[in-house]
Each structure stands twice: as C-alpha cells, then as structure tokens.
Amino acid sequence: MNVLVVNAGSSSLKYQLITVETREILAKGACERIGLGESTFSNSMNGQKMELTLPIPNHRTAISLVLGILLKNETDGKPSNITIDAIGHRIVHGGSYFKDSCIVDDEVVRKIEEIAPLAPLHNYAAASVIESCREVLPSIPNIVSFDTSFHATIPEVAWRYALPRDLCEQLKLRKYGFHGINHRYVNMTVNELTGGKAHKIVSCHLGNGSSITSIKDGIAVDTTMGFTPLDGLVMGTRCGSIDPATVTYIIENTNLTAHEVDTIMNKKSGLLAVSGFTNDIRDLIESTEAGHPQAKLALDMFCYSAKKYLGAMWAVMGGIDTVVFTAGAGQNSPYIRTKTLEGMEHLGFVIDEEKNQERHDEPWSIAAPEATVNIFVIPAGEEFMIAYDVKRLLS
Ligand code: AMP
C-alpha cells in the first residue's frame with residue numbers, strides 16, 4: 001500500500017510517499033515559505049531531484065502542486081509509475097476529541113477546525129490540505145494522526161492545571177503534550193527490539209523542539225510539553241518551563257504586547273538566547289569545543305533540563321527500564337546523550353562510549369554491559385507511524 005504522508009506546518013508542507021510493507025520511500029519533498037513570497041517546492045522521486053522557486057500563496061496551492069507532480073504520468077519523459085492508495089495527515093492538535101488516529105469524514109474536519117484556536121497556525125492549514133485532497137482525489141481515503149493523542153492516557157493528576165476549574169473549562173486549559181506520533185513510534189519500536197519486555201520507557205525527543213514522555217506498559221503517563229509546545233525542556237528557540245509570573249511581569253514592565261512576548265518565548269529564547277548566536281546544536285557543540293563559554297552554557301542548560309525531567313519520569317514511574325534518544329540531536333549527537341545521562345550511572349544508566357559514537361539509520365543499543373537500563377537510539381519515525389496508522393485503520 002502506498003501512503004502519501006503529509007505534514008502541514010505553519011508555512012511549510014512536507015510529504016513522503018511510502019510503501020508501508022517495505023518502508024520504501026518512493027518520493028519526498030517540501031513546499032517552504034508558503035504565503036511568504038519566494039516560496040520553494042522541492043521533490044525527489046525516480047532518482048531525480050528538482051527544486052523550483054515560485055509563488056505558493058497558501059496550503060491549497062501547495063498540495064495541488066504536490067499531487068500534480070506525484071500523479072503526473074510523465075517526469076522528464078519517464079513514466080512515474082506512482083500510485084497513491086491513501087493519504088495520512090499529521091495534525092498538531094487533536095484537543096480533547098481525538099484519542100487515536102481516524103479516517104476523515106466531514107465531522108472530523110469540522111472538529112479539527114473547531115479545535116484550531118488551540119493551534120491556529122497549524123490546524124487551519126492542515127484542514128485546508130485535507131479538504132483539497134478530498135476534492136482532488138475523492139476516491140482516495142484520508143486518515144489523520146494527531147501529535148496530541150498518544151498523551152490522552154495521561155492521568156488527571158498530571159494533565160490538570162491547578163487553576164480555577166471554570167477558567168480551565170472555558171479555555172480548554174490543560175496539558176495536552178506534543179510529539180506524540182514519534183513517542184508512539186518509539187514505544188512500538190522498543191517493543192519490537194525487546195520482544196515486549198520493556199515496561200517503563202522514557203522517550204527523549206531532543207531536536208529543535210524537545211519533549212520527554214514516560215510510557216508504562218504502552219500507555220503514556222506523563223510528558224513535558226503542556227497546553228502548548230512551549231513547556232518543559234529548554235529548546236532551540238523556546239524557553240521551556242519558566243515561572244509563569246515572568247510573563248505578566250514582562251508585560252507590565254515593558255512596552256511589549258502579549259503577542260510579542262509570546263514570539264520572544266517561542267522564537268527568540270532557548271539555546272539561541274543563551275548562546276547569543278545560534279539554536280543549532282551542531283554549531284553549539286563545535287563552539288563549545290573551541291572554548292565559547294555561552295555556547296557551553298546553552299548546551300549545559302539543555303542537557304541539565306533533559307536530565308532533570310528524566311529524573312522526574314523515573315520518580316513518577318517508580319523506575320525506568322528503557323531510555324530512548326530520538327530526533328535531530330537525540331539520534332545524532334553522542335555529546336548530548338553522554339551529557340544527559342552523566343551522573344546517572346548509579347541508577348543503571350551506563351553508556352558504552354564506543355557504541356555511542358556509531359551512526360546508523362536503524363535503531364541501536366548504546367548500553368554498556370554493566371548498565372541495568374536499556375539505552376537505545378531510535379531515528380524519529382513520524383512518517384512511518386502515520387503510514388502504519390493508515391494501513392491499520394483501512395484494514
Ligand atoms: P529536529 O528538530 O529533530 O530536526 O532537530 C534539529 C536539531 O538537531 C538541530 O539543533 C541540529 O543541530 C541537531 N542535530 C542534527 N544533527 C546533529 C548532529 N550530528 N550532532 C548534533 N546535533 C545535531
């Protein structure tokens with residue numbers, strides 16, 4: 001079954017066409033800078049790559065371009081031989097409605113739009129992409145997978161905010177959690193790797209956006225992101241958890257609007273703010289090794305926050321038997337993995353430094369023989385997870 005996996009971001013649309021059974025990626029590409037001018041469209045398939053700069057005013061135009069190129073019979077004179085059996089969409093926010101992925105119908109689209117105020121930049125874009133797919137390819141089923149739904153099992157003691165109940169109800173305030181599609185993929189992969197013998201897993205998704213989720217017997221029990229993806233760890237450009245009173249204090253003591261403070265916390269904080277020059281972890285590692293003190297401080301804060309939440313997850317689950325590093329820095333950086341687990345050897349987290357330096361496209365273990373905890377690196381697999389969801393729901 002060939003599944004087109006579509007990921008609509010606020011100003012981008014990324015896609016992969018995957019044969020579910022073999023995991024072969026038949027085509028992939030992205031539309032970037034949608035609605036911002038100088039938009040680009042890149043696609044690679046049949047061993048050929050192309051990149052265009054052209055006007056892409058909105059996500060409907062973007063998905064039309066993608067479907068056009070994938071379904072066109074000729075690519076530079078060669079038949080594309082590509083079929084699309086179903087389309088899987090990544091949706092950032094499922095609110096309290098969606099506790100699992102599901103097949104799209106009118107009611108599903110209506111609910112995604114209803115929830116959109118919780119993630120306005122993403123959900124409206126995704127809804128418009130779904131509508132376009134249904135119009136252009138009415139006989140092909142659409143499936144939606146939500147970044148929030150894996151966290152639907154988190155107990156009330158962890159998801160409820162200690163704010164007045166009526167305010168929470170009126171504004172739907174609570175911890176939702178994000179990166180759930182990848183945390184679910186991590187859980188599935190650990191099950192395959194251990195033959196179902198892992199019961200207390202902590203998935204550390206460490207990228208530009210970062211979150212840590214604890215998973216007990218397949219069920220998410222807590223996660224670090226909250227009502228929005230701003231909460232939890234120090235991230236690339238997000239400040240992570242700070243005293244909420246800081247926000248009102250800034251607004252009362254500067255000319256900044258609430259919107260401007262939100263932009264600062266999401267786009268100008270985190271590693272970028274602490275280092276003063278970049279949110280890119282590769283650059284920060286290089287600068288740290290060259291003796292740049294603020295780069296080192298930024299990385300120290302990043303790994304310290306990951307370690308702190310790992311400890312919190314250890315406490316709430318009554319121990320950890322498996323820890324996983326995934327996403328950009330988690331799956332690529334020995335430095336970040338070592339620094340995060342440093343000092344936790346007495347709890348069984350002992351890394352084999354040789355295995356830690358390896359690089360693979362497939363999951364691998366970096367645990368030392370004396371470790372009492374499984375330590376895996378698992379390349380992020382949101383697209384595969386969505387493709388599996390499509391197959392599961394259509395079977
Ligand atoms: P993501 O948001 O998952 O794409 O992750 C992006 C982050 O991963 C960026 O900060 C990158 O610098 C970081 N990253 C990617 N590759 C490496 C690497 N080899 N070493 C360290 N960090 C990396």
# chains A, B, ... in the order shown; residues from 1 in each chain; ligands from 1
call {"tool": "residues_around", "arguments": {"residues": "Gly236 in chain A", "least_positions_apart": "4", "cutoff": "7 Å", "atoms": "only C-alpha atoms", "output": "PyMOL selection string"}}
result
chain A and resi 208-209+270-272+279-280
call {"tool": "residues_around", "arguments": {"residues": "Pro57 in chain A", "least_positions_apart": "2", "cutoff": "12 Å", "atoms": "only C-alpha atoms", "output": "ChimeraX atom specification"}}
result
/A:11-12,31-40,54-55,59-65,125
call {"tool": "closest_atom_pairs", "arguments": {"of": "chain A", "to": "ligand 1", "cutoff": "8 Å", "atoms": "only C-alpha atoms and all ligand atoms", "output": "CSV"}}
result
residue,atom,partner,partner_atom_place_in_ligand_line,distance
A:His205,CA,ligand 1,3 (O),7.6
A:Leu206,CA,ligand 1,3 (O),6.6
A:Gly207,CA,ligand 1,5 (O),3.4
A:Asn208,CA,ligand 1,2 (O),3.7
A:Gly209,CA,ligand 1,2 (O),5.5
A:Ser210,CA,ligand 1,2 (O),7.7
A:Gly236,CA,ligand 1,10 (O),6.3
A:Asn279,CA,ligand 1,10 (O),6.0
A:Asp280,CA,ligand 1,10 (O),3.8
A:Ile281,CA,ligand 1,12 (O),3.8
A:Arg282,CA,ligand 1,21 (C),4.1
A:Asp283,CA,ligand 1,12 (O),6.7
A:Leu284,CA,ligand 1,12 (O),8.0
A:Ile285,CA,ligand 1,21 (C),7.1
A:Thr326,CA,ligand 1,3 (O),7.9
A:Ala327,CA,ligand 1,3 (O),4.1
A:Gly328,CA,ligand 1,5 (O),3.2
A:Ala329,CA,ligand 1,8 (O),3.9
A:Gly330,CA,ligand 1,8 (O),7.4
A:Gln331,CA,ligand 1,16 (N),7.7
A:Asn332,CA,ligand 1,19 (N),4.3
A:Ser333,CA,ligand 1,20 (N),4.1
A:Pro334,CA,ligand 1,20 (N),7.4
A:Tyr335,CA,ligand 1,21 (C),7.5
A:Ile336,CA,ligand 1,21 (C),7.3
A:Ala380,CA,ligand 1,3 (O),7.8
call {"tool": "select_by_dssp", "arguments": {"residues": "range 70-153 of chain A", "states": "strand (DSSP E or B)", "output": "list in words"}}
result
Glu74, Thr75, Lys78, Pro79, Ala86, Ile87, Gly88, His89, Arg90, Ile91, Cys102, Ile103, Asn142, Ile143, Val144, Ser145 and Phe146 of chain A
call {"tool": "closest_residue", "arguments": {"among": "A:Gly232, A:Pro164, A:Gly47, A:Gly195", "to": "Ala312 in chain A", "atoms": "only C-alpha atoms"}}
result
A:Gly232
call {"tool": "residues_around", "arguments": {"residues": "range 89-104 of chain A", "least_positions_apart": "6", "cutoff": "7 Å", "atoms": "only C-alpha atoms", "output": "PyMOL selection string"}}
result
chain A and resi 5-7+112+115+119+122-123+126+142-150+152+389+393
call {"tool": "residues_around", "arguments": {"residues": "range 168-174 of chain A", "least_positions_apart": "3", "cutoff": "8 Å", "atoms": "only C-alpha atoms", "output": "CSV table (one decimal) with N, CA, C and O atoms, in the first residue's frame"}}
result
chain,number,residue,atom,x,y,z
A,159,TRP,N,-2.3,15.9,34.0
A,159,TRP,CA,-2.7,16.8,33.0
A,159,TRP,C,-3.4,18.0,33.5
A,159,TRP,O,-3.4,19.1,32.8
A,160,ARG,N,-4.0,18.0,34.7
A,160,ARG,CA,-4.8,19.1,35.1
A,160,ARG,C,-3.9,20.2,35.6
A,160,ARG,O,-2.9,20.0,36.2
A,161,TYR,N,-4.2,21.5,35.3
A,161,TYR,CA,-3.5,22.6,35.8
A,161,TYR,C,-4.2,23.1,37.0
A,161,TYR,O,-5.5,23.1,37.1
A,163,LEU,N,-5.4,25.6,38.2
A,163,LEU,CA,-6.0,26.9,38.0
A,163,LEU,C,-7.5,26.8,38.2
A,163,LEU,O,-8.0,25.7,38.3
A,164,PRO,N,-8.3,27.9,38.4
A,164,PRO,CA,-9.7,27.8,38.6
A,164,PRO,C,-10.4,26.9,37.5
A,164,PRO,O,-10.1,27.1,36.3
A,165,ARG,N,-11.2,26.0,38.0
A,165,ARG,CA,-11.9,25.0,37.1
A,165,ARG,C,-12.6,25.6,36.0
A,165,ARG,O,-12.6,25.2,34.8
A,226,GLY,N,3.1,21.0,27.4
A,226,GLY,CA,1.9,21.2,28.1
A,226,GLY,C,0.7,21.6,27.2
A,226,GLY,O,0.4,20.9,26.3
A,227,PHE,N,0.1,22.7,27.6
A,227,PHE,CA,-1.0,23.3,26.8
A,227,PHE,C,-0.5,23.7,25.4
A,227,PHE,O,-1.3,23.5,24.4
call {"tool": "closest_atom_pairs", "arguments": {"of": "range 243-315 of chain A", "to": "range 345-353 of chain A", "cutoff": "12 Å", "atoms": "only C-alpha atoms", "output": "JSON lines"}}
result
{"residue": "A:Lys307", "atom": "CA", "partner": "A:Phe349", "partner_atom": "CA", "distance": 11.4}
{"residue": "A:Leu310", "atom": "CA", "partner": "A:Phe349", "partner_atom": "CA", "distance": 11.1}
{"residue": "A:Gly311", "atom": "CA", "partner": "A:Leu347", "partner_atom": "CA", "distance": 10.0}
{"residue": "A:Trp314", "atom": "CA", "partner": "A:Leu347", "partner_atom": "CA", "distance": 9.6}
{"residue": "A:Ala315", "atom": "CA", "partner": "A:Leu347", "partner_atom": "CA", "distance": 11.7}
call {"tool": "write_last_selection", "arguments": {"atoms": "C-alpha atoms", "output": "PDB file, in the first residue's frame"}}
result
ATOM      1  CA  LYS A 307      18.343  15.086  32.924  1.00  0.00           C
ATOM      2  CA  LEU A 310      14.345  12.163  33.136  1.00  0.00           C
ATOM      3  CA  GLY A 311      14.687  12.074  36.911  1.00  0.00           C
ATOM      4  CA  TRP A 314      11.975   7.967  36.968  1.00  0.00           C
ATOM      5  CA  ALA A 315      10.120   9.086  40.085  1.00  0.00           C
TER       6      ALA A 315
END
call {"tool": "residues_around", "arguments": {"residues": "Glu24 in chain A", "least_positions_apart": "6", "cutoff": "12 Å", "atoms": "only C-alpha atoms", "output": "compact mmCIF listing (two decimals) with N, CA, C and O atoms, in the first residue's frame"}}
result
# COMPACT_ATOMS: atom_id res chain seq x y z
N MET A 1 0.84 -1.20 0.00
CA MET A 1 0.00 0.00 0.00
C MET A 1 0.88 1.25 0.00
O MET A 1 1.80 1.37 0.81
N ASN A 2 0.65 2.17 -0.94
CA ASN A 2 1.41 3.42 -1.00
C ASN A 2 0.64 4.52 -0.28
O ASN A 2 -0.48 4.85 -0.67
N VAL A 3 1.27 5.06 0.75
CA VAL A 3 0.60 6.11 1.54
C VAL A 3 1.36 7.42 1.36
O VAL A 3 2.58 7.47 1.56
N LEU A 4 0.63 8.45 1.01
CA LEU A 4 1.23 9.78 0.97
C LEU A 4 1.07 10.40 2.36
O LEU A 4 -0.05 10.60 2.83
N GLN A 16 5.99 12.61 2.17
CA GLN A 16 6.71 11.41 1.76
C GLN A 16 5.68 10.43 1.24
O GLN A 16 4.63 10.26 1.85
N LEU A 17 6.00 9.79 0.14
CA LEU A 17 5.15 8.71 -0.36
C LEU A 17 5.84 7.40 0.01
O LEU A 17 6.97 7.14 -0.44
N ILE A 18 5.19 6.61 0.87
CA ILE A 18 5.84 5.44 1.47
C ILE A 18 5.07 4.17 1.10
O ILE A 18 3.85 4.13 1.21
N MET A 45 12.06 11.99 -6.70
CA MET A 45 11.46 10.67 -6.97
C MET A 45 12.09 10.10 -8.22
O MET A 45 12.67 10.84 -9.02
N GLU A 383 6.70 9.69 10.04
CA GLU A 383 6.07 9.38 8.75
C GLU A 383 5.68 7.89 8.68
O GLU A 383 4.60 7.55 8.22
N PHE A 384 6.61 7.03 9.17
CA PHE A 384 6.28 5.59 9.17
C PHE A 384 5.07 5.32 10.07
O PHE A 384 4.19 4.54 9.74
N ALA A 387 1.99 6.23 8.33
CA ALA A 387 1.70 5.24 7.27
C ALA A 387 1.15 3.95 7.88
O ALA A 387 0.20 3.36 7.34
